[in-house]
$ cat protein24.txt   # compact mmCIF, C-alpha atoms
# COMPACT_ATOMS: atom_id res chain seq x y z
CA MET A 1197 5.46 296.23 69.84
CA LYS A 1198 2.11 295.37 71.39
CA GLU A 1199 1.13 297.77 74.16
CA CYS A 1200 1.54 296.25 77.61
CA ILE A 1201 0.54 298.52 80.48
CA THR A 1202 2.18 297.06 83.57
CA PHE A 1203 1.63 297.60 87.28
CA VAL A 1204 4.76 296.81 89.32
CA LEU A 1205 3.95 296.28 92.99
CA GLY A 1206 6.94 296.45 95.29
CA GLY A 1207 7.59 294.94 98.70
CA GLY A 1208 7.27 296.65 102.06
CA GLY A 1209 5.40 294.52 104.57
CA SER A 1210 2.48 296.29 106.22
CA ARG A 1211 2.99 299.29 103.93
CA GLY A 1212 1.47 297.13 101.20
CA ALA A 1213 -1.90 298.53 102.27
CA LEU A 1214 -0.89 301.73 100.49
CA GLN A 1215 -1.00 299.85 97.20
CA VAL A 1216 -4.65 298.93 97.73
CA GLY A 1217 -5.62 302.60 97.85
CA ALA A 1218 -3.26 303.44 94.99
CA LEU A 1219 -4.80 300.78 92.76
CA LYS A 1220 -8.27 302.14 93.48
CA ALA A 1221 -7.15 305.62 92.41
CA LEU A 1222 -5.90 304.28 89.07
CA PHE A 1223 -9.05 302.24 88.48
CA ASP A 1224 -11.17 305.29 89.25
CA ILE A 1225 -9.80 307.06 86.17
CA GLY A 1226 -9.81 304.02 83.94
CA ILE A 1227 -6.19 302.91 84.08
CA LYS A 1228 -5.95 299.12 84.21
CA PRO A 1229 -3.03 296.77 83.62
CA ASP A 1230 -2.33 294.16 81.00
CA LEU A 1231 0.38 292.75 83.28
CA LEU A 1232 0.76 292.60 87.07
CA VAL A 1233 4.23 291.99 88.53
CA GLY A 1234 4.55 291.73 92.30
CA SER A 1235 7.37 291.20 94.77
CA SER A 1236 6.95 290.25 98.44
CA ILE A 1237 3.78 291.92 99.82
CA GLY A 1238 3.28 293.33 96.33
CA ALA A 1239 3.01 289.73 95.11
CA VAL A 1240 0.15 289.17 97.57
CA ASN A 1241 -1.71 292.24 96.28
CA ALA A 1242 -1.03 291.36 92.65
CA ALA A 1243 -2.21 287.78 93.08
CA GLY A 1244 -5.38 288.87 94.87
CA LEU A 1245 -6.20 291.39 92.17
CA ALA A 1246 -5.58 288.86 89.40
CA LEU A 1247 -7.70 286.17 91.08
CA TRP A 1248 -10.64 288.36 92.05
CA GLY A 1249 -10.80 290.55 88.94
CA VAL A 1250 -9.07 293.72 87.82
CA ASP A 1251 -11.83 296.05 88.98
CA LEU A 1252 -13.15 297.97 91.97
CA LYS A 1253 -14.93 294.90 93.37
CA ALA A 1254 -11.53 293.20 93.65
CA ILE A 1255 -10.24 296.25 95.52
CA GLU A 1256 -13.01 295.76 98.08
CA LYS A 1257 -11.91 292.15 98.53
CA LEU A 1258 -8.31 293.28 98.96
CA GLU A 1259 -9.42 295.73 101.65
CA ASP A 1260 -11.27 292.95 103.48
CA ALA A 1261 -8.20 290.72 103.25
CA TRP A 1262 -6.01 293.45 104.71
CA ASN A 1263 -8.43 293.96 107.59
CA GLU A 1264 -8.19 290.23 108.35
CA MET A 1265 -4.39 290.28 108.19
CA ALA A 1266 -4.33 293.17 110.64
CA ASP A 1267 -6.51 291.26 113.10
CA ALA A 1268 -4.38 288.12 112.75
CA GLN A 1269 -1.03 289.88 113.44
CA ILE A 1270 0.75 287.61 110.99
CA LEU A 1271 4.31 288.81 111.59
CA ASP A 1272 5.95 288.44 115.01
CA PRO A 1273 7.14 291.91 116.18
CA ARG A 1274 10.04 290.47 118.22
CA ILE A 1275 12.53 290.87 115.37
CA SER A 1276 15.74 290.75 117.45
CA ARG A 1277 14.64 287.49 119.07
CA LEU A 1278 13.69 286.05 115.68
CA LEU A 1279 17.04 287.01 114.16
CA LEU A 1280 18.93 285.29 116.97
CA LYS A 1281 16.82 282.15 116.62
CA THR A 1282 17.39 282.17 112.85
CA MET A 1283 21.15 282.46 113.34
CA VAL A 1284 21.19 279.26 115.39
CA GLY A 1285 19.22 277.32 112.79
CA TYR A 1286 15.63 277.79 113.94
CA GLN A 1287 13.09 277.07 111.18
CA ASN A 1288 9.97 279.22 111.53
CA ASP A 1289 7.52 276.75 109.99
CA ARG A 1290 4.58 277.70 112.19
CA THR A 1291 4.22 281.13 110.60
CA ARG A 1292 4.52 279.59 107.14
CA ARG A 1293 1.72 277.14 107.89
CA ARG A 1294 -0.56 279.88 109.19
CA VAL A 1295 0.04 282.05 106.16
CA LYS A 1296 -0.39 279.15 103.75
CA GLU A 1297 -3.70 278.20 105.34
CA TYR A 1298 -4.83 281.82 105.08
CA PHE A 1299 -4.10 282.01 101.35
CA VAL A 1300 -5.83 278.69 100.70
CA SER A 1301 -8.91 280.04 102.50
CA LYS A 1302 -8.88 283.00 100.10
CA GLY A 1303 -9.01 280.80 97.01
CA PHE A 1304 -5.33 280.16 96.31
CA LEU A 1305 -5.71 276.41 96.26
CA HIS A 1306 -2.63 274.20 95.98
CA GLU A 1307 -3.47 273.15 92.43
CA LEU A 1308 -4.28 276.67 91.12
CA GLN A 1309 -2.00 277.46 88.18
CA PHE A 1310 -1.21 280.72 86.44
CA ASN A 1311 -3.05 279.56 83.32
CA ALA A 1312 -6.28 279.83 85.32
CA ILE A 1313 -5.87 283.63 85.33
CA THR A 1314 -7.33 284.89 82.05
CA ASN A 1315 -8.25 288.53 82.69
CA VAL A 1316 -4.68 289.77 83.15
CA LYS A 1317 -1.15 288.39 82.96
CA LEU A 1318 0.37 287.76 86.40
CA ALA A 1319 3.98 287.31 87.51
CA LEU A 1320 5.31 286.88 91.05
CA ILE A 1321 8.96 287.50 91.91
CA SER A 1322 11.24 285.53 94.20
CA SER A 1323 15.01 285.30 94.72
CA ASP A 1324 16.97 282.11 94.07
CA ILE A 1325 19.80 282.22 96.62
CA GLU A 1326 21.60 279.31 95.01
CA SER A 1327 22.08 281.06 91.64
CA GLY A 1328 21.63 284.71 92.64
CA GLN A 1329 18.96 285.04 89.96
CA VAL A 1330 15.47 286.49 90.06
CA MET A 1331 12.82 283.80 89.79
CA ILE A 1332 9.67 284.73 87.87
CA PHE A 1333 6.65 282.59 88.74
CA GLY A 1334 4.14 282.79 85.92
CA LYS A 1335 6.59 282.56 83.04
CA SER A 1336 5.38 279.00 82.69
CA PRO A 1337 1.57 278.70 82.60
CA ASP A 1338 1.63 275.59 84.78
CA ASP A 1339 3.49 277.31 87.64
CA ARG A 1340 1.43 277.22 90.82
CA ILE A 1341 0.29 280.57 92.18
CA LEU A 1342 0.49 279.53 95.85
CA GLU A 1343 4.13 278.46 95.36
CA GLY A 1344 4.82 281.84 93.82
CA ILE A 1345 3.29 283.71 96.74
CA LEU A 1346 5.04 281.68 99.43
CA SER A 1347 8.38 282.04 97.64
CA SER A 1348 7.95 285.77 97.11
CA ILE A 1349 7.17 286.53 100.77
CA ALA A 1350 9.89 284.29 102.29
CA LEU A 1351 11.60 287.10 104.19
CA PRO A 1352 13.89 286.02 107.03
CA PRO A 1353 13.59 285.97 109.99
CA TRP A 1354 9.80 285.64 109.74
CA PHE A 1355 9.85 282.93 107.08
CA SER A 1356 12.30 280.17 106.33
CA PRO A 1357 13.54 279.88 102.73
CA HIS A 1358 11.09 278.17 100.41
CA GLN A 1359 12.52 275.16 98.60
CA ILE A 1360 11.24 273.83 95.29
CA ASN A 1361 13.25 270.86 94.01
CA GLU A 1362 16.89 272.05 94.01
CA GLN A 1363 16.03 275.74 94.19
CA ILE A 1364 16.03 277.64 97.47
CA MET A 1365 13.95 280.80 97.35
CA VAL A 1366 13.73 283.82 99.62
CA ASP A 1367 11.75 287.05 99.49
CA GLY A 1368 11.58 288.70 96.07
CA GLY A 1369 12.84 291.93 97.60
CA ALA A 1370 16.27 290.38 98.15
CA LEU A 1371 17.06 290.85 94.45
CA SER A 1372 14.22 292.98 93.04
CA ASN A 1373 12.01 294.74 95.56
CA VAL A 1374 10.38 296.93 92.90
CA PRO A 1375 10.51 294.42 90.03
CA ILE A 1376 10.92 296.69 87.03
CA GLU A 1377 13.50 294.50 85.28
CA PRO A 1378 11.30 291.39 85.40
CA ALA A 1379 8.44 293.48 84.00
CA ILE A 1380 10.65 294.49 81.07
CA GLN A 1381 11.54 290.85 80.46
CA LEU A 1382 7.83 290.05 80.29
CA GLY A 1383 7.13 292.69 77.64
CA ALA A 1384 6.12 295.82 79.56
CA THR A 1385 5.89 298.90 77.34
CA GLU A 1386 4.81 301.33 80.08
CA ILE A 1387 5.20 300.81 83.79
CA PHE A 1388 3.36 302.16 86.82
CA ALA A 1389 5.57 301.25 89.79
CA PHE A 1390 4.40 301.36 93.41
CA ASP A 1391 7.49 301.79 95.58
CA LEU A 1392 6.79 301.35 99.31
CA ASP A 1393 10.19 302.18 100.79
CA ASP A 1394 10.17 305.23 103.05
CA PRO A 1395 13.46 306.78 104.23
CA THR A 1396 11.60 308.94 106.75
CA SER A 1397 10.62 305.81 108.70
CA LEU A 1398 14.27 305.04 109.49
CA SER A 1399 15.41 306.49 112.79
CA GLN A 1400 18.72 308.36 112.88
CA ASP A 1401 19.01 308.05 116.66
CA ASP A 1402 18.07 304.39 117.06
CA HIS A 1403 21.24 302.27 117.21
CA SER A 1404 19.46 298.97 117.74
CA PHE A 1405 20.21 295.94 115.62
CA SER A 1406 16.69 295.92 114.17
CA ASN A 1407 17.04 299.54 112.96
CA TYR A 1408 20.39 298.79 111.32
CA PHE A 1409 18.78 295.76 109.70
CA LEU A 1410 16.04 297.96 108.20
CA LYS A 1411 18.62 300.48 106.95
CA TYR A 1412 20.55 297.66 105.33
CA LEU A 1413 17.43 296.48 103.49
CA TYR A 1414 16.62 300.04 102.43
CA ALA A 1415 20.10 300.60 100.95
CA LEU A 1416 19.90 297.39 98.93
CA ASN A 1417 16.45 298.25 97.65
CA ARG A 1418 17.48 301.75 96.53
CA ARG A 1419 20.38 300.34 94.53
CA HIS A 1420 18.09 297.85 92.78
CA VAL A 1421 15.50 300.53 91.97
CA TYR A 1422 18.19 302.81 90.50
CA LEU A 1423 19.62 300.09 88.29
CA GLU A 1424 16.27 298.75 87.11
CA THR A 1425 14.86 302.22 86.40
CA SER A 1426 18.01 303.05 84.45
CA LEU A 1427 17.54 299.88 82.40
CA ALA A 1428 13.97 300.88 81.54
CA LYS A 1429 15.11 304.36 80.54
CA ALA A 1430 17.83 302.93 78.28
CA GLN A 1431 15.18 300.85 76.51
CA GLY A 1432 12.76 303.74 76.13
CA ILE A 1433 10.19 302.30 78.54
CA PRO A 1434 8.52 304.99 80.68
CA VAL A 1435 8.34 304.29 84.40
CA HIS A 1436 5.85 306.28 86.46
CA ARG A 1437 6.93 305.68 90.02
CA PHE A 1438 4.66 306.33 92.99
CA THR A 1439 6.29 306.82 96.39
CA PHE A 1440 4.63 307.19 99.78
CA GLU A 1441 6.83 309.00 102.27
CA GLY A 1442 6.05 310.11 105.79
CA VAL A 1443 2.67 308.39 106.05
CA SER A 1444 3.36 306.05 108.95
CA SER A 1445 5.90 305.53 111.71
CA LYS A 1446 4.92 301.89 112.17
CA PRO A 1447 7.49 299.19 111.30
CA ILE A 1448 6.87 296.89 108.34
CA TRP A 1449 5.71 294.04 110.61
CA ASP A 1450 2.94 296.10 112.25
CA PHE A 1451 -0.31 295.79 110.26
CA SER A 1452 -2.47 297.82 112.66
CA GLU A 1453 -2.80 300.94 110.47
CA GLU A 1454 -4.13 299.26 107.33
CA LYS A 1455 -7.25 301.44 107.05
CA LYS A 1456 -5.23 304.64 107.35
CA LEU A 1457 -2.67 303.45 104.81
CA ILE A 1458 -5.32 302.46 102.27
CA ARG A 1459 -6.82 305.96 102.52
CA LYS A 1460 -3.41 307.64 102.23
CA GLY A 1461 -2.43 305.46 99.28
CA TYR A 1462 -5.57 306.56 97.45
CA GLN A 1463 -5.09 310.24 98.29
CA ILE A 1464 -1.39 310.41 97.36
CA THR A 1465 -1.89 308.54 94.10
CA LYS A 1466 -4.94 310.59 93.10
CA GLU A 1467 -3.04 313.85 93.71
CA LYS A 1468 -0.02 312.66 91.74
CA LEU A 1469 -2.16 311.53 88.80
CA GLU A 1470 -3.89 314.91 88.73
CA ALA A 1471 -0.50 316.67 88.80
CA TRP A 1472 0.58 314.53 85.84
CA GLY A 1473 -2.48 315.63 83.86
CA TYR A 1474 -4.53 312.44 83.94
CA GLN A 1475 -8.23 312.67 83.19
CA LYS A 1476 -11.09 310.21 83.44
CA GLN A 1477 -10.65 307.26 81.06
CA SER A 1478 -7.00 308.15 80.46
CA THR A 1479 -5.27 307.18 77.23
CA TYR A 1480 -2.30 306.09 79.38
CA GLN A 1481 -0.16 309.08 78.44
CA VAL A 1482 1.43 311.29 81.09
CA ASN A 1483 3.10 314.66 81.08
CA HIS A 1484 5.58 313.80 83.79
CA ALA A 1485 7.19 310.75 85.33
CA GLU A 1486 9.75 310.22 88.03

$ encode --input "protein24.txt" --output "structure tokens"
Amino acid sequence: MKECITFVLGGGGSRGALQVGALKALFDIGIKPDLLVGSSIGAVNAAGLALWGVDLKAIEKLEDAWNEMADAQILDPRISRLLLKTMVGYQNDRTRRRVKEYFVSKGFLHELQFNAITNVKLALISSDIESGQVMIFGKSPDDRILEGILSSIALPPWFSPHQINEQIMVDGGALSNVPIEPAIQLGATEIFAFDLDDPTSLSQDDHSFSNYFLKYLYALNRRHVYLETSLAKAQGIPVHRFTFEGVSSKPIWDFSEEKKLIRKGYQITKEKLEAWGYQKQSTYQVNHAE
């Protein structure tokens, strides 16, 4: 089987800044992907990296983009209010328009297709709520990248479902928040997975609806990660999973700590790679994996 080093970038809202630092740490020692698979905010990072180049210059552009997102405060922090409005049929199209305009300004034009990406293979994950199946944008070379991004980040209550023809898509994290299984389907032979979920950020004393909502999402995500990692193990595909616990108390809709998270992502990943025995210009072999 042809070697296919794959970076799997999971969802996690504002915690996606951690992945920017983590990617820089891998690039620093010469580890680069043949395939990028992203879900939710991980889809945004994956698409940016694929469009701008799989190198340190692209990381600088990702950092700039994250600084702009922090200034724009893209996600409304009033989650309880948004949930109530969603329950009565409110369609949050204003946020979708703002986000779509932002991505277009960054080069993700409406007509840009996956076949325009030639330096790395890219796949973006969404969830088809009609069929209960994971949707992989990029399987077909004429899929549109902007459609893939908007479908992958369609997390209620901030975004309404994204409809394409008869399919109704929501956030990729609904069915595969750390998309290891889709990566396997696309030919991954070794996976570096960036898992953003953090159990330490969930309050044990907060009995608000929003906190229960976050715990619900966390439980679903852990089940998916367990099943998909087990599938990779059964097929003999190594998964090197990076986790980032206890680095921020901010909720996933608060983007104000992006600089801190980028630094922490770099530091944690660098330390883990060193513990695994990686050296400069690695041959992609590790001594340990989670």

$ residues_around --input "protein24.txt" --residues "stretch 1416-1424 of chain A" --least-positions-apart "2" --cutoff "8 Å" --atoms "all atoms listed in the file" --output "PDB file with C-alpha atoms, keeping the file's coordinate frame"
ATOM      1  CA  GLY A1369      12.840 291.930  97.600  1.00  0.00           C
ATOM      2  CA  ALA A1370      16.270 290.380  98.150  1.00  0.00           C
ATOM      3  CA  LEU A1371      17.060 290.850  94.450  1.00  0.00           C
ATOM      4  CA  SER A1372      14.220 292.980  93.040  1.00  0.00           C
ATOM      5  CA  ASN A1373      12.010 294.740  95.560  1.00  0.00           C
ATOM      6  CA  VAL A1374      10.380 296.930  92.900  1.00  0.00           C
ATOM      7  CA  PRO A1375      10.510 294.420  90.030  1.00  0.00           C
ATOM      8  CA  ILE A1376      10.920 296.690  87.030  1.00  0.00           C
ATOM      9  CA  GLU A1377      13.500 294.500  85.280  1.00  0.00           C
ATOM     10  CA  TYR A1412      20.550 297.660 105.330  1.00  0.00           C
ATOM     11  CA  LEU A1413      17.430 296.480 103.490  1.00  0.00           C
ATOM     12  CA  TYR A1414      16.620 300.040 102.430  1.00  0.00           C
ATOM     13  CA  SER A1426      18.010 303.050  84.450  1.00  0.00           C
ATOM     14  CA  LEU A1427      17.540 299.880  82.400  1.00  0.00           C
ATOM     15  CA  ALA A1428      13.970 300.880  81.540  1.00  0.00           C
TER      16      ALA A1428
END

$ residues_around --input "protein24.txt" --residues "stretch 1200-1216 of chain A" --least-positions-apart "3" --cutoff "6 Å" --atoms "only C-alpha atoms" --output "VMD selection string"
chain A and resid 1219 1229 to 1238 1373 to 1374 1384 to 1392 1448 to 1449 1451 1454 1457 to 1458 1461

$ atom_distance --input "protein24.txt" --atom1 "atom CA of A:Asp1251" --atom2 "atom CA of A:Val1300"
21.8 Å

$ atom_distance --input "protein24.txt" --atom1 "atom CA of A:Gly1344" --atom2 "atom CA of A:Ser1445"
29.7 Å

$ residues_around --input "protein24.txt" --residues "A:Asn1263" --least-positions-apart "3" --cutoff "8 Å" --atoms "only C-alpha atoms" --output "ChimeraX atom specification"
/A:1259-1260,1266-1267,1454-1455

$ atom_distance --input "protein24.txt" --atom1 "atom CA of A:Asp1367" --atom2 "atom CA of A:Ala1312"
24.0 Å

$ residues_around --input "protein24.txt" --residues "A:Ala1350" --least-positions-apart "3" --cutoff "8 Å" --atoms "only C-alpha atoms" --output "JSON, numbers by chain"
{"A": [1236, 1346, 1347, 1354, 1355, 1356, 1357, 1358, 1365, 1366, 1367, 1368]}

$ write_last_selection --input "protein24.txt" --atoms "C-alpha atoms" --output "PDB file, keeping the file's coordinate frame"
ATOM      1  CA  SER A1236       6.950 290.250  98.440  1.00  0.00           C
ATOM      2  CA  LEU A1346       5.040 281.680  99.430  1.00  0.00           C
ATOM      3  CA  SER A1347       8.380 282.040  97.640  1.00  0.00           C
ATOM      4  CA  TRP A1354       9.800 285.640 109.740  1.00  0.00           C
ATOM      5  CA  PHE A1355       9.850 282.930 107.080  1.00  0.00           C
ATOM      6  CA  SER A1356      12.300 280.170 106.330  1.00  0.00           C
ATOM      7  CA  PRO A1357      13.540 279.880 102.730  1.00  0.00           C
ATOM      8  CA  HIS A1358      11.090 278.170 100.410  1.00  0.00           C
ATOM      9  CA  MET A1365      13.950 280.800  97.350  1.00  0.00           C
ATOM     10  CA  VAL A1366      13.730 283.820  99.620  1.00  0.00           C
ATOM     11  CA  ASP A1367      11.750 287.050  99.490  1.00  0.00           C
ATOM     12  CA  GLY A1368      11.580 288.700  96.070  1.00  0.00           C
TER      13      GLY A1368
END

$ closest_residue --input "protein24.txt" --among "A:Lys1317, A:Arg1294, A:Lys1446, A:Lys1220" --to "A:Phe1333" --atoms "all atoms listed in the file"
A:Lys1317

$ residues_around --input "protein24.txt" --residues "A:Glu1362" --least-positions-apart "2" --cutoff "12 Å" --atoms "only C-alpha atoms" --output "VMD selection string"
chain A and resid 1324 to 1327 1358 to 1360 1364 to 1365

$ closest_residue --input "protein24.txt" --among "A:Gly1244, A:Ile1313, A:Thr1396, A:Glu1264" --to "A:Ser1452" --atoms "all atoms listed in the file"
A:Glu1264

$ decode --input "protein24.txt" --residues "stretch 1237-1248 of chain A" --atoms "N, CA and C atoms" --output "compact mmCIF listing (two decimals), in the first residue's frame"
# COMPACT_ATOMS: atom_id res chain seq x y z
N ILE A 1237 -14.19 23.15 12.94
CA ILE A 1237 -13.11 24.14 12.89
C ILE A 1237 -11.84 23.50 12.31
N GLY A 1238 -11.69 22.20 12.47
CA GLY A 1238 -10.55 21.52 11.85
C GLY A 1238 -10.62 21.56 10.34
N ALA A 1239 -11.84 21.62 9.79
CA ALA A 1239 -12.00 21.75 8.34
C ALA A 1239 -11.51 23.12 7.88
N VAL A 1240 -11.75 24.15 8.68
CA VAL A 1240 -11.28 25.50 8.35
C VAL A 1240 -9.75 25.51 8.31
N ASN A 1241 -9.11 24.95 9.33
CA ASN A 1241 -7.66 24.90 9.37
C ASN A 1241 -7.09 24.07 8.23
N ALA A 1242 -7.70 22.93 7.96
CA ALA A 1242 -7.23 22.05 6.89
C ALA A 1242 -7.34 22.73 5.53
N ALA A 1243 -8.47 23.38 5.30
CA ALA A 1243 -8.67 24.06 4.02
C ALA A 1243 -7.69 25.21 3.84
N GLY A 1244 -7.45 25.98 4.89
CA GLY A 1244 -6.49 27.07 4.81
C GLY A 1244 -5.10 26.57 4.50
N LEU A 1245 -4.69 25.51 5.18
CA LEU A 1245 -3.37 24.94 4.96
C LEU A 1245 -3.23 24.43 3.53
N ALA A 1246 -4.26 23.75 3.05
CA ALA A 1246 -4.21 23.20 1.69
C ALA A 1246 -4.16 24.31 0.64
N LEU A 1247 -4.90 25.39 0.86
CA LEU A 1247 -4.96 26.48 -0.12
C LEU A 1247 -3.67 27.28 -0.14
N TRP A 1248 -3.10 27.54 1.04
CA TRP A 1248 -1.96 28.45 1.13
C TRP A 1248 -0.61 27.75 1.05
